[in-house]
>>> print(open('protein_17.csv').read())   # CSV, C-alpha atoms
chain,number,residue,atom,x,y,z
N,12,MET,CA,0.0,0.0,0.0
N,13,SER,CA,1.3,3.4,-0.9
N,14,ASP,CA,2.0,5.8,2.0
N,15,HIS,CA,1.4,8.8,-0.1
N,16,HIS,CA,-1.7,10.3,-1.9
N,17,ASP,CA,-2.0,9.4,-5.5
N,18,HIS,CA,-1.9,12.6,-7.5
N,19,ASP,CA,-2.3,11.1,-11.0
N,20,HIS,CA,-5.9,12.4,-11.1
N,21,ASP,CA,-7.1,15.9,-11.3
N,22,HIS,CA,-8.7,17.3,-8.2
N,23,GLY,CA,-10.5,19.9,-10.3
N,24,HIS,CA,-9.9,22.8,-7.9
N,25,LYS,CA,-7.1,25.1,-6.9
N,26,PRO,CA,-6.0,25.9,-3.4
N,27,ALA,CA,-7.4,29.2,-2.1
N,28,PRO,CA,-5.0,32.1,-2.4
N,29,MET,CA,-3.0,32.9,0.7
N,30,VAL,CA,-1.1,36.0,1.8
N,31,ASP,CA,2.5,34.9,1.4
N,32,GLU,CA,4.0,37.6,3.5
N,33,VAL,CA,4.3,38.4,7.3
N,34,SER,CA,3.4,41.9,8.1
N,35,HIS,CA,4.7,44.1,10.9
N,36,PHE,CA,1.2,44.1,12.4
N,37,GLU,CA,1.1,40.3,12.5
N,38,ILE,CA,4.5,40.3,14.3
N,39,LEU,CA,3.3,43.0,16.7
N,40,GLU,CA,0.2,41.1,17.6
N,41,MET,CA,2.2,38.0,18.5
N,42,ALA,CA,4.9,39.9,20.4
N,43,VAL,CA,2.3,41.7,22.5
N,44,ARG,CA,0.5,38.4,23.2
N,45,GLU,CA,3.7,36.5,24.1
N,46,LEU,CA,4.9,39.3,26.5
N,47,ALA,CA,1.5,39.5,28.1
N,48,ILE,CA,1.6,35.8,28.8
N,49,GLU,CA,5.2,35.9,30.1
N,50,LYS,CA,4.3,38.7,32.5
N,51,GLY,CA,1.4,36.7,33.8
N,52,LEU,CA,-1.3,39.0,32.6
N,53,PHE,CA,-3.1,35.9,31.3
N,54,THR,CA,-2.2,32.3,30.5
N,55,ALA,CA,-1.5,30.8,27.1
N,56,GLU,CA,-4.1,28.1,27.9
N,57,ASP,CA,-6.8,30.7,28.6
N,58,HIS,CA,-5.9,32.5,25.4
N,59,ARG,CA,-6.1,29.3,23.4
N,60,THR,CA,-9.4,28.3,24.9
N,61,TRP,CA,-10.9,31.8,24.4
N,62,VAL,CA,-9.8,31.9,20.7
N,63,GLU,CA,-11.3,28.5,20.1
N,64,TYR,CA,-14.6,29.7,21.6
N,65,VAL,CA,-14.6,32.9,19.6
N,66,HIS,CA,-14.0,30.9,16.4
N,67,THR,CA,-17.3,29.1,17.1
N,68,LEU,CA,-19.3,32.3,17.2
N,69,GLY,CA,-21.4,33.9,14.5
N,70,PRO,CA,-24.8,35.3,13.7
N,71,THR,CA,-26.5,32.0,12.9
N,72,PRO,CA,-27.9,31.3,16.3
N,73,ALA,CA,-29.6,34.7,16.6
N,74,ALA,CA,-30.9,34.4,13.0
N,75,ARG,CA,-32.4,31.0,13.9
N,76,LEU,CA,-34.0,32.3,17.0
N,77,VAL,CA,-35.8,34.9,14.9
N,78,ALA,CA,-36.8,32.3,12.3
N,79,LYS,CA,-38.1,29.9,15.0
N,80,ALA,CA,-40.1,32.7,16.6
N,81,TRP,CA,-41.7,33.6,13.2
N,82,LEU,CA,-42.9,30.0,13.0
N,83,ASP,CA,-43.9,29.4,16.6
N,84,PRO,CA,-45.9,32.1,18.5
N,85,GLU,CA,-45.3,30.4,21.8
N,86,TYR,CA,-41.5,30.6,21.3
N,87,LYS,CA,-41.9,34.2,20.2
N,88,LYS,CA,-43.5,34.9,23.6
N,89,LEU,CA,-40.6,33.2,25.3
N,90,CYS,CA,-38.1,35.3,23.3
N,91,GLU,CA,-39.8,38.5,24.5
N,92,ALA,CA,-40.1,37.4,28.1
N,93,ASP,CA,-36.7,35.7,28.5
N,94,GLY,CA,-34.1,36.0,25.8
N,95,VAL,CA,-31.6,34.0,27.8
N,96,GLU,CA,-33.9,31.0,28.1
N,97,ALA,CA,-35.0,31.3,24.5
N,98,SER,CA,-31.3,31.3,23.4
N,99,LYS,CA,-30.9,27.7,24.7
N,100,ALA,CA,-33.2,26.5,21.9
N,101,VAL,CA,-30.6,27.7,19.4
N,102,GLY,CA,-27.6,26.3,21.3
N,103,VAL,CA,-26.5,29.3,23.2
N,104,ASN,CA,-26.3,29.1,27.0
N,105,TRP,CA,-25.3,32.6,28.2
N,106,VAL,CA,-24.1,31.2,31.5
N,107,THR,CA,-22.1,28.2,30.6
N,108,SER,CA,-21.0,28.6,27.0
N,109,PRO,CA,-18.3,31.3,27.4
N,110,PRO,CA,-15.2,29.6,28.8
N,111,THR,CA,-14.9,32.4,31.4
N,112,GLN,CA,-18.5,31.7,32.6
N,113,PHE,CA,-18.7,35.3,33.7
N,114,GLY,CA,-21.9,36.6,35.1
N,115,THR,CA,-25.3,35.1,36.1
N,116,PRO,CA,-28.6,35.1,34.3
N,117,SER,CA,-29.5,38.3,36.1
N,118,ASP,CA,-26.6,40.5,35.0
N,119,TYR,CA,-24.3,39.9,32.0
N,120,CYS,CA,-26.6,37.3,30.6
N,121,ASN,CA,-29.5,39.8,30.3
N,122,LEU,CA,-30.2,39.3,26.6
N,123,ARG,CA,-33.3,41.3,25.4
N,124,VAL,CA,-35.0,40.4,22.2
N,125,LEU,CA,-36.6,43.6,20.8
N,126,VAL,CA,-39.6,42.7,18.7
N,127,ASP,CA,-40.4,45.1,15.8
N,128,THR,CA,-44.0,45.9,14.9
N,129,PRO,CA,-45.4,47.6,11.8
N,130,THR,CA,-45.1,50.9,13.7
N,131,VAL,CA,-42.0,50.4,15.8
N,132,LYS,CA,-38.5,49.7,14.5
N,133,HIS,CA,-35.7,48.9,17.0
N,134,VAL,CA,-32.0,49.4,16.4
N,135,VAL,CA,-29.1,48.6,18.7
N,136,VAL,CA,-26.0,50.6,19.6
N,137,CYS,CA,-23.5,50.8,22.3
N,138,SER,CA,-23.0,54.5,22.7
N,139,LEU,CA,-20.3,54.0,25.3
N,140,CYS,CA,-17.9,51.5,23.7
N,141,SER,CA,-18.9,48.5,21.6
N,142,CYS,CA,-20.9,46.1,23.8
N,143,TYR,CA,-22.4,43.4,21.6
N,144,PRO,CA,-24.2,40.1,22.1
N,145,ARG,CA,-21.3,38.1,20.9
N,146,PRO,CA,-22.3,34.7,22.2
N,147,ILE,CA,-25.4,34.7,19.9
N,148,LEU,CA,-24.3,37.2,17.2
N,149,GLY,CA,-20.5,36.8,16.8
N,150,GLN,CA,-18.0,39.6,16.4
N,151,SER,CA,-19.3,43.1,15.8
N,152,PRO,CA,-18.8,44.8,12.4
N,153,GLU,CA,-16.3,47.6,12.2
N,154,TRP,CA,-18.9,50.3,11.7
N,155,TYR,CA,-20.6,49.3,15.0
N,156,ARG,CA,-17.5,50.2,16.9
N,157,THR,CA,-17.0,53.6,15.3
N,158,PRO,CA,-17.8,56.9,17.2
N,159,ASN,CA,-19.6,58.0,14.0
N,160,TYR,CA,-22.3,55.3,14.3
N,161,ARG,CA,-22.4,55.4,18.1
N,162,ARG,CA,-22.8,59.1,18.4
N,163,ARG,CA,-25.0,59.8,15.4
N,164,LEU,CA,-27.5,56.9,15.8
N,165,VAL,CA,-28.7,58.1,19.1
N,166,ARG,CA,-29.2,61.6,17.8
N,167,TRP,CA,-30.4,61.0,14.2
N,168,PRO,CA,-31.5,57.4,13.9
N,169,ARG,CA,-33.7,57.9,10.9
N,170,GLN,CA,-30.8,59.5,9.0
N,171,VAL,CA,-28.3,56.9,9.9
N,172,LEU,CA,-30.7,54.1,8.9
N,173,THR,CA,-31.2,55.8,5.6
N,174,GLU,CA,-27.4,55.6,5.1
N,175,PHE,CA,-27.8,51.8,5.5
N,176,GLY,CA,-30.4,51.9,2.8
N,177,LEU,CA,-33.3,51.5,5.2
N,178,GLN,CA,-35.8,54.2,4.6
N,179,LEU,CA,-38.7,54.0,7.0
N,180,PRO,CA,-42.1,55.8,6.7
N,181,SER,CA,-42.5,58.7,9.0
N,182,GLU,CA,-45.3,56.9,10.9
N,183,VAL,CA,-42.8,54.3,12.1
N,184,THR,CA,-41.2,55.1,15.4
N,185,ILE,CA,-37.6,54.2,15.8
N,186,ARG,CA,-36.4,53.0,19.2
N,187,VAL,CA,-32.7,52.9,19.8
N,188,ALA,CA,-31.5,50.4,22.4
N,189,ASP,CA,-28.2,51.3,24.1
N,190,SER,CA,-26.3,48.2,25.1
N,191,ASN,CA,-24.1,48.1,28.2
N,192,GLN,CA,-22.0,45.7,30.2
N,193,LYS,CA,-25.0,43.9,31.6
N,194,THR,CA,-27.7,44.1,28.9
N,195,ARG,CA,-27.2,43.1,25.3
N,196,TYR,CA,-29.9,43.3,22.6
N,197,ILE,CA,-30.9,41.7,19.3
N,198,VAL,CA,-33.7,42.8,17.1
N,199,MET,CA,-36.5,40.5,15.9
N,200,PRO,CA,-37.7,42.1,12.7
N,201,GLY,CA,-41.1,41.4,11.2
N,202,ARG,CA,-41.4,38.4,8.9
N,203,PRO,CA,-41.4,39.7,5.3
N,204,GLU,CA,-44.0,39.1,2.7
N,205,GLY,CA,-43.1,36.5,0.2
N,206,THR,CA,-41.9,33.9,2.7
N,207,GLU,CA,-45.1,32.0,3.2
N,208,GLY,CA,-44.5,28.3,3.5
N,209,TRP,CA,-40.8,28.7,4.0
N,210,THR,CA,-38.9,26.4,6.3
N,211,GLU,CA,-36.9,27.5,9.4
N,212,ASP,CA,-33.7,27.0,7.5
N,213,GLN,CA,-34.9,29.2,4.6
N,214,LEU,CA,-36.0,31.9,7.0
N,215,THR,CA,-32.8,31.8,8.9
N,216,GLU,CA,-30.8,32.6,5.8
N,217,ILE,CA,-32.5,36.0,5.3
N,218,VAL,CA,-32.1,37.2,8.9
N,219,THR,CA,-28.7,38.8,8.4
N,220,ARG,CA,-26.5,40.3,11.1
N,221,ASP,CA,-27.6,43.7,10.0
N,222,CYS,CA,-31.2,42.7,10.5
N,223,LEU,CA,-30.4,41.5,14.0
N,224,ILE,CA,-28.7,44.8,14.8
N,225,GLY,CA,-31.7,46.6,13.3
N,226,VAL,CA,-30.1,48.6,10.5
N,227,ALA,CA,-31.8,46.4,7.9
N,228,VAL,CA,-35.0,44.4,7.5
N,229,PRO,CA,-35.1,40.9,6.0
N,230,LYS,CA,-36.1,40.5,2.4
N,231,PRO,CA,-36.5,37.3,0.3
N,232,GLY,CA,-33.3,36.8,-1.7
N,233,ILE,CA,-31.1,39.1,0.5
N,234,THR,CA,-28.7,37.1,2.6
N,235,THR,CA,-25.7,39.4,2.9
N,236,ASN,CA,-25.0,42.5,4.9
N,237,VAL,CA,-24.5,46.0,3.6
N,238,LYS,CA,-20.9,47.1,2.9
N,239,LEU,CA,-20.5,50.6,4.2
N,240,PRO,CA,-17.5,52.8,4.0
N,241,VAL,CA,-16.4,53.7,7.5
N,242,ARG,CA,-16.4,57.5,8.1
N,243,LYS,CA,-15.1,59.5,11.0
N,244,ALA,CA,-17.4,61.7,13.0
N,245,ILE,CA,-16.9,65.1,11.3
N,246,HIS,CA,-18.8,67.0,14.0
N,247,PRO,CA,-17.2,66.3,17.3
N,248,VAL,CA,-19.5,66.0,20.3
N,249,HIS,CA,-19.7,69.1,22.4
N,250,HIS,CA,-21.1,68.9,26.0
N,251,ASP,CA,-22.2,72.5,26.3
N,252,HIS,CA,-25.9,71.8,25.7
B,9,MET,CA,-8.6,56.5,37.0
B,10,SER,CA,-12.2,56.3,38.0
B,11,ALA,CA,-15.2,56.3,35.7
B,12,SER,CA,-16.2,59.8,36.9
B,13,SER,CA,-12.8,61.3,36.3
B,14,ASN,CA,-12.7,59.6,32.9
B,15,ASP,CA,-16.1,61.2,32.0
B,16,ALA,CA,-15.0,64.6,33.3
B,17,ASN,CA,-11.8,64.5,31.3
B,18,ALA,CA,-13.7,63.6,28.2
B,19,GLU,CA,-16.1,66.5,28.8
B,20,ASN,CA,-13.3,68.9,29.2
B,21,GLY,CA,-11.9,67.8,25.9
B,22,GLU,CA,-8.8,66.4,27.6
B,23,MET,CA,-7.0,63.3,26.3
B,24,LEU,CA,-7.6,60.2,28.4
B,25,ILE,CA,-4.2,58.8,27.5
B,26,ASP,CA,-0.8,60.1,26.9
B,27,ALA,CA,-0.8,60.4,23.1
B,28,THR,CA,2.8,61.2,22.7
B,29,PRO,CA,4.0,59.2,19.7
B,30,ILE,CA,5.8,56.0,20.5
B,31,PRO,CA,8.6,55.6,18.0
B,32,LEU,CA,8.3,51.8,17.7
B,33,LEU,CA,4.6,52.1,16.9
B,34,ARG,CA,5.1,55.0,14.6
B,35,SER,CA,7.6,52.9,12.7
B,36,ILE,CA,5.1,50.1,12.4
B,37,GLN,CA,2.5,52.5,11.3
B,38,ALA,CA,4.8,53.9,8.6
B,39,HIS,CA,6.2,50.6,7.3
B,40,GLY,CA,3.7,47.9,8.2
B,41,ARG,CA,1.5,46.6,5.4
B,42,VAL,CA,-2.2,46.5,6.3
B,43,TRP,CA,-4.4,43.6,5.6
B,44,GLU,CA,-6.6,45.3,3.1
B,45,ASP,CA,-3.5,45.9,0.9
B,46,LEU,CA,-2.1,42.4,1.4
B,47,ALA,CA,-5.5,40.8,0.7
B,48,ALA,CA,-5.9,42.8,-2.5
B,49,GLN,CA,-2.4,41.9,-3.6
B,50,TYR,CA,-2.7,38.2,-3.0
B,51,GLY,CA,-6.3,37.9,-4.0
B,52,VAL,CA,-7.5,36.9,-0.6
B,53,THR,CA,-11.2,37.5,0.1
B,54,ASN,CA,-11.2,37.1,3.9
B,55,PRO,CA,-12.0,40.6,5.1
B,56,ASP,CA,-10.1,40.1,8.3
B,57,PRO,CA,-6.4,39.3,9.0
B,58,PRO,CA,-5.8,35.9,10.6
B,59,TRP,CA,-4.6,37.6,13.8
B,60,LYS,CA,-7.8,39.6,14.4
B,61,ILE,CA,-9.4,37.0,16.6
B,62,THR,CA,-6.2,36.4,18.6
B,63,LEU,CA,-6.1,40.2,19.1
B,64,GLU,CA,-9.7,40.2,20.3
B,65,ALA,CA,-8.9,37.4,22.7
B,66,THR,CA,-5.9,39.3,24.1
B,67,CYS,CA,-8.1,42.3,24.7
B,68,ASP,CA,-10.8,40.2,26.3
B,69,LEU,CA,-8.3,38.5,28.6
B,70,LEU,CA,-6.6,41.7,29.6
B,71,ALA,CA,-10.1,43.0,30.5
B,72,GLY,CA,-11.0,40.1,32.7
B,73,ASP,CA,-14.6,40.5,34.0
B,74,SER,CA,-14.5,44.3,33.5
B,75,CYS,CA,-16.3,43.7,30.2
B,76,VAL,CA,-19.4,42.5,32.0
B,77,LYS,CA,-19.4,44.9,35.0
B,78,PRO,CA,-20.4,48.6,35.2
B,79,TYR,CA,-17.2,50.6,35.2
B,80,ASP,CA,-17.7,51.8,38.8
B,81,GLN,CA,-17.9,48.2,40.0
B,82,VAL,CA,-14.6,47.2,38.5
B,83,GLU,CA,-12.2,46.5,41.4
B,84,PRO,CA,-8.9,48.4,40.9
B,85,GLY,CA,-6.2,45.9,40.0
B,86,SER,CA,-8.7,43.2,39.2
B,87,CYS,CA,-7.6,43.2,35.6
B,88,ALA,CA,-4.7,44.5,33.6
B,89,LEU,CA,-6.7,46.8,31.3
B,90,PRO,CA,-10.4,47.5,31.8
B,91,SER,CA,-12.4,47.2,28.6
B,92,LEU,CA,-14.0,50.6,28.9
B,93,GLU,CA,-10.6,52.4,29.3
B,94,ARG,CA,-9.1,50.5,26.4
B,95,ARG,CA,-12.0,51.3,24.1
B,96,ALA,CA,-12.0,55.0,25.1
B,97,GLU,CA,-8.3,55.2,24.5
B,98,GLU,CA,-8.7,53.3,21.2
B,99,ASP,CA,-11.3,55.8,20.1
B,100,GLU,CA,-9.0,58.7,21.0
B,101,LEU,CA,-5.9,57.3,19.4
B,102,SER,CA,-7.9,56.3,16.3
B,103,ALA,CA,-9.0,59.8,15.8
B,104,THR,CA,-5.5,61.3,16.3
B,105,LEU,CA,-2.2,59.4,16.2
B,106,TYR,CA,-3.5,56.4,14.2
B,107,GLU,CA,-6.1,58.1,12.2
B,108,ASP,CA,-4.7,57.0,8.9
B,109,VAL,CA,-4.5,53.3,9.9
B,110,PRO,CA,-7.4,51.0,9.0
B,111,PHE,CA,-9.2,48.6,11.4
B,112,PRO,CA,-8.1,46.2,12.9
B,113,GLU,CA,-4.5,47.4,12.6
B,114,ARG,CA,-5.4,50.6,14.5
B,115,GLN,CA,-7.0,48.5,17.3
B,116,LEU,CA,-3.7,46.7,17.6
B,117,LEU,CA,-1.6,49.8,17.6
B,118,ALA,CA,-3.9,51.4,20.2
B,119,LEU,CA,-3.7,48.3,22.4
B,120,ALA,CA,0.1,48.3,22.3
B,121,HIS,CA,0.0,52.1,22.9
B,122,SER,CA,-2.3,51.7,26.0
B,123,MET,CA,-0.1,48.9,27.4
B,124,ILE,CA,3.1,50.8,26.9
B,125,ALA,CA,1.6,54.0,28.4
B,126,ARG,CA,0.5,52.0,31.5
B,127,GLY,CA,3.9,50.3,31.9
B,128,LEU,CA,2.4,46.9,31.1
B,129,LEU,CA,4.9,46.6,28.3
B,130,ASP,CA,8.2,48.3,27.7
B,131,GLU,CA,8.9,49.8,24.3
B,132,ALA,CA,12.4,48.4,24.0
B,133,GLU,CA,11.3,45.0,25.2
B,134,LEU,CA,8.5,44.9,22.7
B,135,ALA,CA,10.9,45.9,19.9
B,136,SER,CA,13.3,43.2,20.9
B,137,ARG,CA,10.5,40.6,21.0
B,138,MET,CA,9.3,41.7,17.6
B,139,GLU,CA,12.8,40.9,16.2
B,140,VAL,CA,12.6,37.4,17.7
B,141,VAL,CA,9.1,36.8,16.4
B,142,GLY,CA,9.9,38.2,13.0
B,143,GLN,CA,13.0,35.9,12.7
B,144,ARG,CA,10.8,32.9,13.8
B,145,PHE,CA,8.1,33.7,11.2
B,146,ASN,CA,10.6,34.1,8.4
B,147,SER,CA,12.8,31.2,9.2
B,148,ALA,CA,10.5,28.6,7.8
>>> encode(input="protein_17.csv", output="structure tokens")
Amino acid sequence: MSDHHDHDHDHGHKPAPMVDEVSHFEILEMAVRELAIEKGLFTAEDHRTWVEYVHTLGPTPAARLVAKAWLDPEYKKLCEADGVEASKAVGVNWVTSPPTQFGTPSDYCNLRVLVDTPTVKHVVVCSLCSCYPRPILGQSPEWYRTPNYRRRLVRWPRQVLTEFGLQLPSEVTIRVADSNQKTRYIVMPGRPEGTEGWTEDQLTEIVTRDCLIGVAVPKPGITTNVKLPVRKAIHPVHHDH
Amino acid sequence: MSASSNDANAENGEMLIDATPIPLLRSIQAHGRVWEDLAAQYGVTNPDPPWKITLEATCDLLAGDSCVKPYDQVEPGSCALPSLERRAEEDELSATLYEDVPFPERQLLALAHSMIARGLLDEAELASRMEVVGQRFNSA
């Protein structure tokens, strides 16, 4: 028996392109990490465990939560009443899933599911820093972290949503939910027309990250997020009013 | 630094962190190739560099449980770098010293800046370690 793979046949695909160059930034990241470990600021084992955990995160559990709620009125009630308990049905346990197991159900694990109605649209921000429901939604997008989004959304939500391509009728009230260390939010948008008879999997696909933050609404056929240029806040905040 | 003094400084328009340029980080800023350029050159579609998650993990672990507590309940010394302080400093440095650097490279520069400014890292020690890491990366 040969101990090597037979390459006489054609695999029919090429390897994905790779960056064949180590940047100063990549070196800096590793140097900072190694020194932090050597100085005892954290352990290599904790770092490895945390990285593995973060690699498992993404927006799919939150999208599935919304899809399930669209199909099951009782589950929707649970989502509204107890987001932490409802998360378990999509595989997220806010208490035990993160390796650090910080918090209790009453504090950090206070996930709120904000249910949109035909006249109320919710949108999420963290005006202070960039708190985000990572266990159920993954890593935050760059624009969510920017002062531009954080400062302007709370002042001019309708304008900011328009920049995301979401133009809402004037009769729709916009509610901005400000996240913090203890309470994180996701938005449950309304189920769009044209999805009658769809399965949970089909519905999950159109509940994008942007829909769950509240800067978009689901539409049949749209399964990707908006790509926005990131802009600085050109009008600094003044505290004299 | 307490949360209240932090807020007060921000309201007075004062910097929360010593934004004096750090030569090592300025050099990386000037000569380092950012992911968006590398990805374009090599035809890679991943929007994030491979080190982004390890950077996030470093930030999280330095923050300990400060990321899940109100700032005024964070015990002094309970973590190396409270998350709210790091993020506020990152915002400031991103708008000033590292304004021309894209994300997440500027997050990394800001983190290293915050750590050096606090004495958690020494600039010369970091430069020396970068030499070693660079040799290791390029020895294969």
>>> atom_distance(input="protein_17.csv", atom1="CA of Val218 (chain N)", atom2="CA of Thr206 (chain N)")
12.1 Å
>>> closest_residue(input="protein_17.csv", among="N:Ala78, N:Val135, N:Leu68, N:Cys140", to="chain B", atoms="all atoms listed in the file")
N:Cys140
>>> closest_residue(input="protein_17.csv", among="N:Glu211, N:Asp127, N:Asp93, N:Glu153", to="chain B", atoms="only C-alpha atoms")
N:Glu153
>>> closest_atom_pairs(input="protein_17.csv", of="chain B", to="chain N", cutoff="8 Å", atoms="all atoms listed in the file", output="CSV")
residue,atom,partner,partner_atom,distance
B:Glu19,CA,N:His250,CA,6.2
B:Ile36,CA,N:His35,CA,6.2
B:His39,CA,N:His35,CA,7.6
B:Gly40,CA,N:His35,CA,4.8
B:Arg41,CA,N:Ser34,CA,5.7
B:Val42,CA,N:Phe36,CA,7.4
B:Leu46,CA,N:Val30,CA,6.5
B:Ala47,CA,N:Val30,CA,6.6
B:Tyr50,CA,N:Val30,CA,5.5
B:Gly51,CA,N:Pro28,CA,6.2
B:Val52,CA,N:Pro28,CA,5.7
B:Trp59,CA,N:Glu37,CA,6.4
B:Ile61,CA,N:Val62,CA,6.6
B:Thr62,CA,N:Val62,CA,6.1
B:Leu63,CA,N:Glu40,CA,6.5
B:Ala65,CA,N:Val62,CA,5.9
B:Thr66,CA,N:Arg44,CA,6.5
B:Leu69,CA,N:Phe53,CA,6.4
B:Leu70,CA,N:Leu52,CA,6.7
B:Asp73,CA,N:Phe113,CA,6.6
B:Cys75,CA,N:Gln192,CA,6.0
B:Val76,CA,N:Gln192,CA,4.5
B:Lys77,CA,N:Gln192,CA,5.5
B:Pro78,CA,N:Gln192,CA,6.0
B:Ala88,CA,N:Leu52,CA,6.5
B:Leu92,CA,N:Cys140,CA,6.6
B:Arg95,CA,N:Cys140,CA,5.9
B:Ala96,CA,N:Cys140,CA,7.0
B:Asp99,CA,N:Pro158,CA,7.2
B:Ala103,CA,N:Lys243,CA,7.8
B:Phe111,CA,N:Glu153,CA,7.2
B:Glu113,CA,N:Phe36,CA,6.6
B:Leu116,CA,N:Glu40,CA,6.8
B:Ala120,CA,N:Val43,CA,7.0
B:Leu129,CA,N:Leu46,CA,7.5
B:Leu134,CA,N:Ala42,CA,6.6
B:Arg137,CA,N:Ala42,CA,5.7
B:Met138,CA,N:Ala42,CA,5.5
B:Val141,CA,N:Ile38,CA,6.1
B:Gly142,CA,N:Ile38,CA,5.9
B:Phe145,CA,N:Val33,CA,7.2
B:Asn146,CA,N:Val33,CA,7.7
>>> atom_distance(input="protein_17.csv", atom1="CA of Val95 (chain N)", atom2="CA of Thr234 (chain N)")
25.6 Å
>>> residues_around(input="protein_17.csv", residues="region 178-186 of chain N", least_positions_apart="2", cutoff="6 Å", atoms="only C-alpha atoms", output="list in words")
Thr130, Val131, Lys132, His133 and Thr173 of chain N
>>> closest_residue(input="protein_17.csv", among="B:Pro84, B:Val109, B:Glu100, B:Lys60", to="Ala38 (chain B)", atoms="all atoms listed in the file")
B:Val109
>>> closest_residue(input="protein_17.csv", among="B:Ile30, B:Ile25, B:Leu89, B:Ala71", to="Leu128 (chain B)", atoms="only C-alpha atoms")
B:Leu89
>>> atom_distance(input="protein_17.csv", atom1="CA of Val106 (chain N)", atom2="CA of Leu122 (chain N)")
11.3 Å
>>> residues_around(input="protein_17.csv", residues="Gly205 (chain N)", least_positions_apart="5", cutoff="12 Å", atoms="all atoms listed in the file", output="list of chain:residue names")
N:Gln213, N:Leu214, N:Ile217, N:Pro229, N:Lys230, N:Pro231, N:Gly232
>>> residues_near_point(input="protein_17.csv", point="(-35.5, 28.8, 18.2)", cutoff="8 Å", atoms="all atoms listed in the file", output="list of chain:residue names")
N:Arg75, N:Leu76, N:Val77, N:Ala78, N:Lys79, N:Ala80, N:Tyr86, N:Ala97, N:Ser98, N:Ala100, N:Val101
